[in-house]
Structure formats: structure tokens, C-alpha cells
$ cat work-v3.csv   # CSV, C-alpha atoms
chain,number,residue,atom,x,y,z
A,25,MET,CA,28.6,-5.9,66.9
A,26,PRO,CA,28.1,-6.6,70.6
A,27,ILE,CA,24.6,-6.3,71.9
A,28,PHE,CA,24.1,-4.6,75.2
A,29,LEU,CA,21.2,-5.8,77.3
A,30,LEU,CA,20.6,-3.1,79.8
A,31,GLN,CA,18.3,-3.6,82.8
A,32,ARG,CA,16.8,-0.9,84.9
A,33,SER,CA,19.0,-0.2,87.8
A,34,SER,CA,17.6,0.3,91.3
A,35,PHE,CA,19.0,1.4,94.6
A,36,PRO,CA,16.6,0.0,97.2
A,37,GLY,CA,16.6,2.7,99.9
A,38,ASP,CA,16.2,0.3,102.8
A,39,GLU,CA,19.5,-1.6,102.1
A,40,GLY,CA,22.7,-0.5,103.9
A,41,GLY,CA,26.2,-0.7,102.5
A,42,ILE,CA,27.8,0.8,99.4
A,43,MET,CA,26.1,0.1,96.1
A,44,GLY,CA,28.0,-0.6,92.9
A,45,TRP,CA,27.3,-2.7,89.8
A,46,LEU,CA,27.2,-6.3,89.0
A,47,ALA,CA,27.9,-7.0,85.3
A,48,ARG,CA,27.0,-10.4,83.9
A,49,VAL,CA,29.2,-10.9,80.8
A,50,TYR,CA,28.4,-13.5,78.2
A,51,VAL,CA,31.2,-14.4,75.7
A,52,THR,CA,30.1,-16.6,72.8
A,53,PRO,CA,31.8,-18.0,69.7
A,54,LYS,CA,31.2,-15.9,66.7
A,55,ALA,CA,28.7,-17.1,64.1
A,56,GLY,CA,30.7,-19.2,61.7
A,57,VAL,CA,33.4,-20.1,64.1
A,58,LEU,CA,33.8,-23.8,64.7
A,59,ASP,CA,32.5,-24.9,68.1
A,60,PRO,CA,33.5,-28.5,68.5
A,61,GLN,CA,32.4,-28.6,72.2
A,62,GLY,CA,29.0,-27.5,71.1
A,63,LYS,CA,28.9,-30.2,68.4
A,64,ALA,CA,29.9,-32.8,71.0
A,65,VAL,CA,27.2,-31.7,73.4
A,66,GLN,CA,24.6,-31.6,70.7
A,67,HIS,CA,25.6,-35.2,69.8
A,68,SER,CA,25.3,-36.2,73.5
A,69,LEU,CA,21.9,-34.7,73.8
A,70,HIS,CA,20.7,-36.6,70.7
A,71,THR,CA,22.1,-39.8,72.3
A,72,LEU,CA,20.1,-39.1,75.5
A,73,GLY,CA,16.9,-39.0,73.4
A,74,TYR,CA,16.5,-35.3,72.6
A,75,PRO,CA,16.3,-35.3,68.8
A,76,GLU,CA,14.8,-31.9,68.8
A,77,VAL,CA,18.1,-30.3,69.7
A,78,GLY,CA,19.6,-28.3,67.0
A,79,ASP,CA,22.7,-26.2,67.1
A,80,VAL,CA,24.5,-26.0,70.5
A,81,ARG,CA,27.0,-23.2,71.1
A,82,ILE,CA,29.1,-23.1,74.2
A,83,GLY,CA,30.5,-19.8,75.6
A,84,LYS,CA,31.5,-18.3,78.9
A,85,TYR,CA,29.7,-16.5,81.7
A,86,MET,CA,31.5,-14.1,83.9
A,87,GLU,CA,30.4,-11.9,86.8
A,88,VAL,CA,32.3,-8.7,87.2
A,89,ARG,CA,31.7,-6.4,90.2
A,90,LEU,CA,32.4,-2.7,89.8
A,91,ALA,CA,32.5,0.1,92.3
A,92,ASP,CA,33.1,3.9,92.4
A,93,VAL,CA,31.9,4.4,88.9
A,94,SER,CA,28.8,5.8,87.2
A,95,ARG,CA,26.6,3.5,85.3
A,96,GLU,CA,27.5,5.2,82.0
A,97,SER,CA,31.2,4.9,82.8
A,98,ALA,CA,30.8,1.3,83.9
A,99,GLU,CA,29.2,0.5,80.5
A,100,VAL,CA,32.0,2.2,78.6
A,101,ARG,CA,34.7,0.6,80.6
A,102,LEU,CA,33.2,-2.9,80.6
A,103,ARG,CA,32.9,-2.7,76.8
A,104,GLU,CA,36.6,-1.8,76.8
A,105,MET,CA,37.4,-4.7,79.1
A,106,CYS,CA,35.6,-7.1,76.9
A,107,ASP,CA,37.4,-5.8,73.8
A,108,ARG,CA,40.8,-5.9,75.4
A,109,LEU,CA,40.7,-9.1,77.5
A,110,LEU,CA,37.5,-10.9,78.3
A,111,ALA,CA,36.7,-11.7,74.7
A,112,ASN,CA,38.9,-12.3,71.7
A,113,ARG,CA,37.1,-10.4,69.0
A,114,VAL,CA,38.7,-12.6,66.3
A,115,ILE,CA,36.7,-15.5,67.5
A,116,GLU,CA,34.2,-14.3,70.1
A,117,ASP,CA,31.2,-11.9,70.5
A,118,PHE,CA,30.2,-10.5,73.9
A,119,ARG,CA,27.2,-8.9,75.5
A,120,PHE,CA,26.6,-7.9,79.1
A,121,GLU,CA,23.9,-6.8,81.6
A,122,ILE,CA,24.5,-4.4,84.4
A,123,ASP,CA,22.6,-4.3,87.6
A,124,ALA,CA,22.9,-2.3,90.8
A,125,ALA,CA,24.4,-4.5,93.5
A,126,PRO,CA,26.2,-4.2,96.8
A,127,VAL,CA,29.9,-3.9,96.7
A,128,ASP,CA,31.7,-6.8,98.4
B,13,MET,CA,73.9,-14.8,68.0
B,14,ARG,CA,72.2,-14.1,71.3
B,15,TRP,CA,68.8,-15.7,71.9
B,16,GLY,CA,66.3,-15.0,74.6
B,17,VAL,CA,64.0,-17.7,75.9
B,18,ILE,CA,61.1,-16.5,78.0
B,19,THR,CA,59.7,-18.5,80.9
B,20,PHE,CA,56.1,-17.7,81.8
B,21,PRO,CA,54.5,-19.4,84.8
B,22,GLY,CA,53.3,-22.6,83.1
B,23,SER,CA,55.8,-22.7,80.3
B,24,ASN,CA,57.3,-26.2,79.9
B,25,ASP,CA,59.4,-26.2,76.7
B,26,ASP,CA,61.6,-23.3,77.8
B,27,ALA,CA,64.4,-25.6,79.1
B,28,GLN,CA,64.2,-27.9,76.0
B,29,THR,CA,64.5,-24.8,73.7
B,30,ALA,CA,67.4,-23.5,75.6
B,31,PHE,CA,69.0,-26.9,75.6
B,32,VAL,CA,68.8,-27.2,71.8
B,33,LEU,CA,70.2,-23.7,71.2
B,34,GLU,CA,73.0,-24.0,73.7
B,35,ARG,CA,74.0,-27.6,73.8
B,36,LEU,CA,73.2,-28.8,70.3
B,37,LEU,CA,73.7,-25.6,68.3
B,38,GLY,CA,76.3,-23.8,70.4
B,39,GLU,CA,74.3,-20.6,70.6
B,40,SER,CA,74.3,-18.1,73.4
B,41,VAL,CA,71.0,-18.1,75.4
B,42,VAL,CA,69.6,-15.6,77.9
B,43,ARG,CA,66.8,-17.0,80.0
B,44,LEU,CA,64.1,-14.4,80.6
B,45,TRP,CA,61.4,-14.4,83.3
B,46,HIS,CA,58.0,-13.1,82.5
B,47,LYS,CA,58.5,-10.2,84.9
B,48,ASP,CA,61.7,-9.0,83.1
B,49,GLU,CA,61.2,-5.8,81.2
B,50,SER,CA,63.9,-5.8,78.6
B,51,VAL,CA,65.1,-7.9,75.7
B,52,ASP,CA,67.9,-5.4,74.8
B,53,GLY,CA,70.9,-6.9,73.1
B,54,LEU,CA,69.2,-10.0,71.9
B,55,ASP,CA,68.9,-11.1,68.2
B,56,CYS,CA,65.9,-13.4,68.6
B,57,VAL,CA,63.4,-13.9,71.3
B,58,VAL,CA,61.6,-17.3,71.7
B,59,LEU,CA,58.2,-17.7,73.3
B,60,PRO,CA,58.2,-21.4,74.2
B,61,GLY,CA,55.5,-24.0,74.5
B,62,GLY,CA,53.5,-24.8,77.6
B,63,PHE,CA,50.4,-23.7,79.4
B,64,SER,CA,51.2,-20.2,80.5
B,65,TYR,CA,48.9,-19.1,83.4
B,66,GLY,CA,47.1,-22.4,83.2
B,67,ASP,CA,45.5,-21.3,79.9
B,68,TYR,CA,43.1,-19.3,82.0
B,69,LEU,CA,40.5,-17.4,80.1
B,70,ARG,CA,42.1,-18.3,76.7
B,71,CYS,CA,45.4,-19.7,75.8
B,72,GLY,CA,47.9,-16.9,75.9
B,73,ALA,CA,45.4,-14.2,76.9
B,74,VAL,CA,47.0,-13.6,80.3
B,75,ALA,CA,50.6,-14.1,79.3
B,76,ARG,CA,50.5,-11.4,76.7
B,77,LEU,CA,50.0,-8.9,79.5
B,78,SER,CA,53.2,-9.9,81.2
B,79,PRO,CA,55.8,-7.1,81.6
B,80,ILE,CA,58.2,-9.0,79.2
B,81,MET,CA,55.6,-8.8,76.5
B,82,ARG,CA,55.7,-5.0,76.4
B,83,ALA,CA,59.4,-5.4,75.6
B,84,VAL,CA,58.8,-8.1,73.0
B,85,GLU,CA,56.1,-6.0,71.3
B,86,ALA,CA,58.5,-3.1,71.0
B,87,PHE,CA,61.3,-5.4,69.9
B,88,ALA,CA,59.1,-6.9,67.2
B,89,GLN,CA,57.9,-3.5,66.0
B,90,GLY,CA,61.5,-2.5,65.7
B,91,GLY,CA,62.1,-5.5,63.4
B,92,GLY,CA,63.5,-7.9,66.0
B,93,MET,CA,63.1,-11.6,65.3
B,94,VAL,CA,60.5,-13.4,67.4
B,95,LEU,CA,59.7,-17.1,67.3
B,96,GLY,CA,56.5,-18.4,69.1
B,97,ILE,CA,56.2,-22.1,69.4
B,98,CYS,CA,52.8,-23.7,70.3
B,99,ASN,CA,51.7,-21.7,73.4
B,100,GLY,CA,54.1,-19.0,72.2
B,101,PHE,CA,52.2,-18.9,68.9
B,102,GLN,CA,48.9,-18.5,70.9
B,103,ILE,CA,50.5,-15.7,72.9
B,104,LEU,CA,51.6,-13.9,69.7
B,105,CYS,CA,48.1,-14.1,68.3
B,106,GLU,CA,46.6,-12.8,71.5
B,107,ALA,CA,49.1,-10.0,71.5
B,108,GLY,CA,48.1,-9.0,68.0
B,109,LEU,CA,51.7,-9.6,66.7
B,110,LEU,CA,50.2,-12.3,64.4
B,111,PRO,CA,46.7,-12.3,62.9
B,112,GLY,CA,44.0,-14.9,63.6
B,113,ALA,CA,43.5,-17.1,66.6
B,114,LEU,CA,44.0,-20.7,67.8
B,115,ILE,CA,40.9,-22.5,69.1
B,116,ARG,CA,40.1,-26.0,70.4
B,117,ASN,CA,41.1,-28.9,68.2
B,118,ARG,CA,38.4,-30.1,65.8
B,119,GLU,CA,38.3,-33.5,67.5
B,120,LEU,CA,38.4,-31.8,71.0
B,121,GLY,CA,41.2,-34.1,72.3
B,122,PHE,CA,44.7,-33.1,73.2
B,123,SER,CA,46.8,-34.2,70.2
B,124,CYS,CA,50.4,-35.5,70.9
B,125,ARG,CA,52.1,-37.1,67.9
B,126,ARG,CA,54.5,-36.6,65.0
B,127,VAL,CA,53.0,-34.7,62.0
B,128,HIS,CA,54.3,-33.7,58.6
B,129,VAL,CA,54.4,-30.0,57.6
B,130,ARG,CA,55.2,-28.7,54.2
B,131,VAL,CA,57.4,-25.7,53.7
B,132,GLU,CA,55.2,-23.2,51.8
B,133,GLU,CA,57.8,-20.4,51.8
B,134,ALA,CA,61.5,-21.0,51.9
B,135,ASP,CA,62.5,-17.3,51.4
B,136,THR,CA,61.9,-16.4,55.1
B,137,HIS,CA,64.0,-15.8,58.1
B,138,PHE,CA,62.7,-19.0,59.6
B,139,THR,CA,62.8,-21.5,56.7
B,140,ASN,CA,65.7,-20.4,54.5
B,141,ARG,CA,67.5,-23.7,55.2
B,142,CYS,CA,64.7,-25.6,53.6
B,143,ARG,CA,63.4,-25.7,50.1
B,144,ARG,CA,59.9,-24.8,49.1
B,145,GLY,CA,57.9,-28.0,49.2
B,146,ASP,CA,60.1,-29.8,51.7
B,147,VAL,CA,58.2,-31.9,54.1
B,148,LEU,CA,59.4,-31.8,57.7
B,149,ASP,CA,58.7,-34.4,60.4
B,150,ILE,CA,58.0,-32.5,63.6
B,151,PRO,CA,55.8,-33.4,66.6
B,152,ILE,CA,52.8,-31.5,67.9
B,153,LYS,CA,51.3,-31.5,71.4
B,154,HIS,CA,48.3,-29.3,71.9
B,155,GLY,CA,44.6,-29.1,72.6
B,156,GLU,CA,44.0,-25.7,71.1
B,157,GLY,CA,45.9,-25.6,67.8
B,158,CYS,CA,43.1,-25.1,65.3
B,159,TYR,CA,44.1,-21.9,63.4
B,160,ILE,CA,41.3,-19.7,62.3
B,161,ALA,CA,41.0,-16.2,60.7
B,162,ASP,CA,38.3,-14.4,58.8
B,163,ASP,CA,38.3,-14.5,55.0
B,164,ALA,CA,40.0,-11.1,54.6
B,165,THR,CA,42.8,-12.1,56.9
B,166,LEU,CA,43.3,-15.4,55.1
B,167,ARG,CA,43.4,-13.7,51.7
B,168,SER,CA,46.0,-11.2,53.0
B,169,LEU,CA,48.1,-14.1,54.5
B,170,GLU,CA,48.1,-15.8,51.2
B,171,ALA,CA,48.7,-12.7,49.2
B,172,GLY,CA,51.6,-11.7,51.5
B,173,ARG,CA,53.1,-15.2,51.4
B,174,GLN,CA,52.8,-15.3,55.1
B,175,ILE,CA,51.7,-18.9,55.4
B,176,VAL,CA,55.0,-20.7,56.1
B,177,LEU,CA,53.9,-24.2,57.0
B,178,ARG,CA,50.9,-26.4,56.3
B,179,TYR,CA,50.0,-29.8,57.7
B,180,THR,CA,50.3,-32.5,55.0
B,181,ASP,CA,50.9,-36.2,54.7
B,182,ALA,CA,54.4,-37.7,54.4
B,183,GLU,CA,54.2,-37.0,50.6
B,184,GLY,CA,53.4,-33.3,51.1
B,185,ARG,CA,49.7,-33.6,50.2
B,186,VAL,CA,47.1,-31.5,52.1
B,187,THR,CA,44.4,-33.9,53.1
B,188,PRO,CA,41.7,-33.8,55.8
B,189,GLU,CA,43.3,-36.8,57.6
B,190,ALA,CA,46.7,-35.1,57.7
B,191,ASN,CA,45.3,-32.0,59.4
B,192,PRO,CA,45.5,-32.9,63.1
B,193,ASN,CA,43.4,-30.1,64.5
B,194,GLY,CA,41.1,-28.7,61.8
B,195,SER,CA,43.2,-25.6,61.1
B,196,LEU,CA,41.9,-23.4,58.3
B,197,GLY,CA,43.8,-24.2,55.1
B,198,ALA,CA,45.8,-26.7,57.2
B,199,ILE,CA,47.9,-23.8,58.4
B,200,ALA,CA,50.6,-24.9,60.9
B,201,GLY,CA,52.7,-21.8,60.9
B,202,ILE,CA,52.5,-18.1,59.8
B,203,ARG,CA,54.7,-15.1,59.8
B,204,ASN,CA,53.7,-11.4,60.1
B,205,ALA,CA,53.6,-9.1,57.1
B,206,ARG,CA,57.1,-7.7,57.9
B,207,GLY,CA,58.5,-11.2,58.1
B,208,ASN,CA,60.2,-10.9,61.5
B,209,VAL,CA,57.6,-12.7,63.7
B,210,PHE,CA,56.9,-16.4,63.2
B,211,GLY,CA,54.4,-18.6,65.1
B,212,LEU,CA,53.9,-22.3,64.6
B,213,MET,CA,52.1,-25.1,66.5
B,214,PRO,CA,54.6,-27.9,65.9
B,215,HIS,CA,57.6,-28.2,68.2
B,216,PRO,CA,60.9,-27.9,66.3
B,217,GLU,CA,62.8,-28.0,69.6
B,218,HIS,CA,61.5,-31.6,70.1
B,219,ALA,CA,62.9,-32.7,66.7
B,220,CYS,CA,66.6,-31.8,66.9
B,221,GLU,CA,68.1,-35.2,67.7
B,222,TRP,CA,67.9,-38.7,66.2
B,223,LEU,CA,67.7,-39.9,69.8
B,224,VAL,CA,64.1,-38.5,69.9
B,225,GLY,CA,63.2,-39.5,66.4
B,226,GLY,CA,64.5,-36.8,64.0
B,227,GLU,CA,66.3,-33.6,63.3
B,228,ASP,CA,64.0,-31.7,61.0
B,229,GLY,CA,63.4,-29.1,63.8
B,230,ARG,CA,67.0,-27.9,63.5
B,231,LYS,CA,66.3,-26.4,60.1
B,232,ILE,CA,64.1,-23.8,61.8
B,233,PHE,CA,66.7,-22.7,64.3
B,234,LEU,CA,69.5,-22.9,61.7
B,235,SER,CA,67.5,-20.7,59.3
B,236,ILE,CA,67.2,-18.1,62.0
B,237,ILE,CA,70.9,-18.2,62.6
B,238,ALA,CA,71.6,-17.9,58.9
B,239,ALA,CA,69.1,-15.0,58.7
B,240,GLN,CA,71.2,-13.2,61.3
B,241,GLY,CA,74.3,-13.8,59.2
B,242,GLY,CA,75.5,-16.6,61.4
B,243,THR,CA,77.4,-19.6,60.1
B,244,ALA,CA,76.5,-22.0,62.8
B,245,GLU,CA,76.4,-25.5,61.5
B,246,THR,CA,75.2,-28.6,63.1
B,247,PRO,CA,78.1,-29.6,65.3
B,248,ALA,CA,80.3,-32.2,63.7
B,249,VAL,CA,80.6,-34.1,66.9
B,250,PRO,CA,77.9,-36.8,67.5
B,251,THR,CA,75.3,-35.0,69.6
B,252,SER,CA,74.3,-38.1,71.3
B,253,SER,CA,77.4,-38.2,73.3
B,254,LYS,CA,76.6,-34.7,74.6
B,255,VAL,CA,73.2,-35.8,75.5
B,256,LEU,CA,74.3,-38.9,77.3
B,257,SER,CA,76.8,-36.9,79.4
B,258,GLY,CA,73.9,-35.0,80.8
B,259,PRO,CA,73.4,-31.3,81.3
$ encode --input "work-v3.csv" --output "C-alpha cells"
Amino acid sequence: MPIFLLQRSSFPGDEGGIMGWLARVYVTPKAGVLDPQGKAVQHSLHTLGYPEVGDVRIGKYMEVRLADVSRESAEVRLREMCDRLLANRVIEDFRFEIDAAPVD
Amino acid sequence: MRWGVITFPGSNDDAQTAFVLERLLGESVVRLWHKDESVDGLDCVVLPGGFSYGDYLRCGAVARLSPIMRAVEAFAQGGGMVLGICNGFQILCEAGLLPGALIRNRELGFSCRRVHVRVEEADTHFTNRCRRGDVLDIPIKHGEGCYIADDATLRSLEAGRQIVLRYTDAEGRVTPEANPNGSLGAIAGIRNARGNVFGLMPHPEHACEWLVGGEDGRKIFLSIIAAQGGTAETPAVPTSSKVLSGP
């Protein structure tokens, strides 16, 4: 199941502009799914003299800005976006953090 | 029969597929654009190989949201025949029309070479012109062709006789060396439970003439024609003369 890391939101009163949300989405290969990129990077790190490196897993990081939506709704909708497009649940897990942020 | 061949931005085997169907097999082909919204009147829709939408996000993830895919999904749900080749297979998996997913090749590199695939099921719409156990010589060209699925999905694929092709050596033996991308169970092609949707990583459209090294790919297209009740045979005239005369 996805893990949601929620950080306390804040709306600093002294900033102008419209506030919305910045979601940081992390998509990672599911446990047990082959990650040949991670294996190759692990091998490269060993070659560079870092024998302490164990498993390396490579995923994706995305920033998604949201506006005109409550925090609760943003979370629900982001989870939906991850399920429907940002992650392929056959092979990937996801988690995200949401923070208050100015809208572009 | 009437075929539809879809072109997504970044498709690159659409023309070759249409060429094989029209020029080599004498079939009727409608070229479809990703923004088209209907596949009405067609007997089989082909999602060709390529790199739709630059493989952004994941291979096939963006293409499956194209307007044409809504029509393809409805067509498939109504029993229409759908063939996904390479990127087309990836799109079908992303769309949920086939189970599982295709990820980066085990060896990371892009793999472009001839492979052997063994026909696991001959009683299908897509392989009825083969015999069970036949070994076909068909090329692959992909970077993300490693088929994976969870244990339950794999069991249901096996129980439902949905695994149609596996990578083998020339003698039809499954070996680690003969598996070009690390696919689970050396799976090269699967069909859905209903049997009307087929996805495969190898490119039958690139193996339809001796000019390019072999004709085993024809068996896939001829099977589909036979499944539709067609009687199309390989044209008796030497196909090389057609090819040399140009399109």
C-alpha cells in the first residue's frame, strides 16, 4: 500500500499571491520487481570504491502543483492521479508529500 | 477483411505493418490517427511498434489515453480482434487490456536481433496457422521488453492458456541465453482471457519476406485472417517483384 508522508502545511501571512499545493511524488519499483538500472548503479558504486553499498533502487521524482483545491481533496485526487497515470501499480509503488506553495 | 492500423505520434512500424497487410497479403487497411475516435467497421485493429509519445513517463502510458484508445477498448470489450506489436503490446498492458507490464530489459541495452519464439498455443485467433511447438524466427527491437506479472497473474495466464509465445533457442528449448530481455517465464506474447486481444514483443511485420530474412511473421497475420473466416493465402506471385517495384 502507498505510504503518505504528510507535512504540516503553512500559509505564511506575509507572502502575497495565491497559495496552492506542491506535491512531491516518488514512484519506486515494487519490492521484488527487477531493477536492472539499480543493479548497474550498485555495480558502478562498487567499482568506484564503495563496497558498503547494498541494494540500489531507482525510481522517479515528480513535482505536481495544484490550485483551487482543499488539502483533503488534493490528497484524494493525487492518490487517484498516481493510481491512474503517474505510477503503474503492477510494477511500481508511490508516495507523496504535500506542502503549501505559491501557485505559478 | 478490413484492418485498422493506428499511428500514434512516435509510432514507426505503422507503415511497415500496412505494407505487409496491403501489398503482401492483399488485405484492406484503414490508417487510423491517434485522434480518431472510431474503429467501426473494422475486423482487426493493430497497435504498431515504435515509441509513442517518446516513451514519456512509461512506454505506452500516454498513448493509452489517446482518443482512439477509447474506441479500441470498447472494440476489444465487444470481442473485436486487437493485435499489439512491441510498443502496441506495451500500450495494451498500460490500458489494462492485457495483464502484466513490460519493463527495462534485464541487460539494460536496446536489443535488436532475430530471436526464436515457440508457439505455446496453436488454437488461438493469432497462431492457428502454426502447430503447437513450432519455432518461429522473428526479430525483436526494444529496450523495455521484459515481461513481468505477479504470481497470481502468471498462474492465471498459464491456467487460461494465455501464454502464446515464449523465447527459445532454435530447437525450441527455453534457456536463459535464449531469453533476450529477462522476461518472466520467457514470455514473448500473451492473449487476454477472452482470446481476442494479443500482444507480443517480436515484430512479425518485419519477418514477412525472404528479402529481409524470413517469412515466419506471415503466420501471425494469416492466422488472424483465417480466424475471421478469410481464405487469404500467401500470394502466388513472387513478392520480391512487388517490393522491387516500390510502393
$ closest_atom_pairs --input "work-v3.csv" --of "chain B" --to "chain A" --cutoff "8 Å" --atoms "all atoms listed in the file" --output "CSV"
residue,atom,partner,partner_atom,distance
B:Leu69,CA,A:Leu110,CA,7.4
B:Ala73,CA,A:Leu109,CA,7.0
B:Glu106,CA,A:Asn112,CA,7.7
B:Gly112,CA,A:Val114,CA,6.4
B:Ala113,CA,A:Val114,CA,6.6
B:Arg116,CA,A:Pro60,CA,7.3
B:Asn117,CA,A:Pro60,CA,7.6
B:Arg118,CA,A:Pro60,CA,5.8
B:Glu119,CA,A:Pro60,CA,7.0
B:Leu120,CA,A:Pro60,CA,6.4
B:Ala161,CA,A:Val114,CA,7.0
B:Asp162,CA,A:Val114,CA,7.7
$ residues_around --input "work-v3.csv" --residues "range 97-103 of chain B" --least-positions-apart "4" --cutoff "7 Å" --atoms "only C-alpha atoms" --output "list of chain:residue names"
B:Leu59, B:Pro60, B:Gly61, B:Gly62, B:Phe63, B:Cys71, B:Gly72, B:Ala73, B:Ala75, B:Arg76, B:Ala107, B:Leu114, B:Gly211, B:Leu212, B:Met213, B:Pro214, B:His215
$ write_last_selection --input "work-v3.csv" --atoms "C-alpha atoms" --output "mmCIF file, in the frame of the given file"
data_model
loop_
_atom_site.group_PDB
_atom_site.id
_atom_site.type_symbol
_atom_site.label_atom_id
_atom_site.label_comp_id
_atom_site.auth_asym_id
_atom_site.auth_seq_id
_atom_site.Cartn_x
_atom_site.Cartn_y
_atom_site.Cartn_z
ATOM 1 C CA LEU B 59 58.200 -17.700 73.300
ATOM 2 C CA PRO B 60 58.200 -21.400 74.200
ATOM 3 C CA GLY B 61 55.500 -24.000 74.500
ATOM 4 C CA GLY B 62 53.500 -24.800 77.600
ATOM 5 C CA PHE B 63 50.400 -23.700 79.400
ATOM 6 C CA CYS B 71 45.400 -19.700 75.800
ATOM 7 C CA GLY B 72 47.900 -16.900 75.900
ATOM 8 C CA ALA B 73 45.400 -14.200 76.900
ATOM 9 C CA ALA B 75 50.600 -14.100 79.300
ATOM 10 C CA ARG B 76 50.500 -11.400 76.700
ATOM 11 C CA ALA B 107 49.100 -10.000 71.500
ATOM 12 C CA LEU B 114 44.000 -20.700 67.800
ATOM 13 C CA GLY B 211 54.400 -18.600 65.100
ATOM 14 C CA LEU B 212 53.900 -22.300 64.600
ATOM 15 C CA MET B 213 52.100 -25.100 66.500
ATOM 16 C CA PRO B 214 54.600 -27.900 65.900
ATOM 17 C CA HIS B 215 57.600 -28.200 68.200
#
$ closest_residue --input "work-v3.csv" --among "A:Glu99, A:Glu87, A:Glu104, A:Asp79" --to "Gly62 in chain A" --atoms "all atoms listed in the file"
A:Asp79
$ atom_distance --input "work-v3.csv" --atom1 "CA of Val94 in chain B" --atom2 "CA of His218 in chain B"
18.4 Å
$ closest_residue --input "work-v3.csv" --among "B:Cys105, B:Gly157, B:Ala83, B:Gly90" --to "Gly121 in chain B" --atoms "all atoms listed in the file"
B:Gly157
$ atom_distance --input "work-v3.csv" --atom1 "CA of Val32 in chain B" --atom2 "CA of Leu109 in chain B"
25.1 Å
$ atom_distance --input "work-v3.csv" --atom1 "CA of Arg43 in chain B" --atom2 "CA of Arg203 in chain B"
23.6 Å
$ residues_around --input "work-v3.csv" --residues "Leu166 in chain B" --least-positions-apart "3" --cutoff "10 Å" --atoms "only C-alpha atoms" --output "number ranges by chain"
B: 111-112, 160-163, 169-172, 174-175, 196-197
$ residues_around --input "work-v3.csv" --residues "Val129 in chain B" --least-positions-apart "2" --cutoff "7 Å" --atoms "all atoms listed in the file" --output "tab-separated table (two decimals) with C-alpha atoms, in the coordinates of the input"
chain	number	residue	atom	x	y	z
B	127	VAL	CA	53.00	-34.70	62.00
B	131	VAL	CA	57.40	-25.70	53.70
B	147	VAL	CA	58.20	-31.90	54.10
B	148	LEU	CA	59.40	-31.80	57.70
B	149	ASP	CA	58.70	-34.40	60.40
B	177	LEU	CA	53.90	-24.20	57.00
B	178	ARG	CA	50.90	-26.40	56.30
B	179	TYR	CA	50.00	-29.80	57.70
B	180	THR	CA	50.30	-32.50	55.00
$ residues_around --input "work-v3.csv" --residues "range 41-49 of chain A" --least-positions-apart "2" --cutoff "8 Å" --atoms "all atoms listed in the file" --output "number ranges by chain"
A: 35, 39, 51, 84-93, 95, 98, 118-127
$ closest_residue --input "work-v3.csv" --among "B:Arg141, B:Gly16, B:Val74, B:Asn24" --to "Cys56 in chain B" --atoms "only C-alpha atoms"
B:Gly16
$ residues_near_point --input "work-v3.csv" --point "(61.9, -17.5, 72.8)" --cutoff "12 Å" --atoms "all atoms listed in the file" --output "MDAnalysis selection string"
chainID B and resid 14:20 23 25:30 32:33 41:46 51 54:61 80:81 84 92:101 103:104 209:211 217 233
$ residues_around --input "work-v3.csv" --residues "range 235-243 of chain B" --least-positions-apart "3" --cutoff "8 Å" --atoms "all atoms listed in the file" --output "list in words"
Met13, Asp55, His137, Phe138, Thr139, Asn140, Arg141, Lys231 and Ile232 of chain B
$ decode --input "work-v3.csv" --residues "range 70-124 of chain A" --atoms "C-alpha atoms" --output "short mmCIF file (atom, residue, chain, number, x, y, z; two decimals), in the first residue's frame"
data_model
loop_
_atom_site.label_atom_id
_atom_site.label_comp_id
_atom_site.auth_asym_id
_atom_site.auth_seq_id
_atom_site.Cartn_x
_atom_site.Cartn_y
_atom_site.Cartn_z
CA HIS A 70 31.39 -0.78 -6.03
CA THR A 71 33.80 -0.08 -8.89
CA LEU A 72 34.31 3.46 -7.55
CA GLY A 73 35.37 2.04 -4.19
CA TYR A 74 32.17 1.99 -2.16
CA PRO A 75 31.89 -1.65 -1.14
CA GLU A 76 29.45 -0.72 1.62
CA VAL A 77 26.74 -0.07 -0.96
CA GLY A 78 23.98 -2.64 -0.85
CA ASP A 79 20.82 -2.66 -2.87
CA VAL A 80 20.20 0.39 -5.10
CA ARG A 81 16.69 1.03 -6.41
CA ILE A 82 15.96 3.72 -8.98
CA GLY A 83 12.62 5.45 -9.24
CA LYS A 84 11.14 8.74 -10.35
CA TYR A 85 10.58 12.06 -8.63
CA MET A 86 7.85 14.39 -9.84
CA GLU A 87 6.64 17.79 -8.67
CA VAL A 88 2.98 18.48 -9.21
CA ARG A 89 1.44 21.86 -8.40
CA LEU A 90 -2.23 22.08 -7.50
CA ALA A 91 -4.54 25.04 -7.12
CA ASP A 92 -8.14 25.71 -6.17
CA VAL A 93 -8.46 22.58 -4.12
CA SER A 94 -8.58 21.83 -0.41
CA ARG A 95 -5.76 19.88 1.15
CA GLU A 96 -8.03 16.89 1.74
CA SER A 97 -9.22 16.92 -1.81
CA ALA A 98 -5.67 17.40 -3.11
CA GLU A 99 -4.61 14.24 -1.30
CA VAL A 100 -7.51 12.20 -2.59
CA ARG A 101 -7.04 13.42 -6.14
CA LEU A 102 -3.27 12.97 -6.12
CA ARG A 103 -3.69 9.40 -4.97
CA GLU A 104 -6.06 8.91 -7.88
CA MET A 105 -3.57 10.52 -10.31
CA CYS A 106 -0.85 8.18 -9.08
CA ASP A 107 -3.11 5.14 -9.44
CA ARG A 108 -4.33 6.10 -12.88
CA LEU A 109 -1.23 7.52 -14.54
CA LEU A 110 1.83 8.56 -12.55
CA ALA A 111 2.58 5.03 -11.34
CA ASN A 112 1.86 1.63 -12.85
CA ARG A 113 0.65 -0.34 -9.86
CA VAL A 114 1.67 -3.62 -11.48
CA ILE A 115 5.32 -2.69 -11.11
CA GLU A 116 5.56 0.49 -9.03
CA ASP A 117 4.69 1.91 -5.61
CA PHE A 118 4.23 5.58 -4.88
CA ARG A 119 4.17 8.01 -2.02
CA PHE A 120 3.89 11.77 -1.90
CA GLU A 121 4.30 14.79 0.31
CA ILE A 122 2.11 17.87 0.07
CA ASP A 123 3.17 21.34 1.12
CA ALA A 124 1.56 24.73 0.80
#
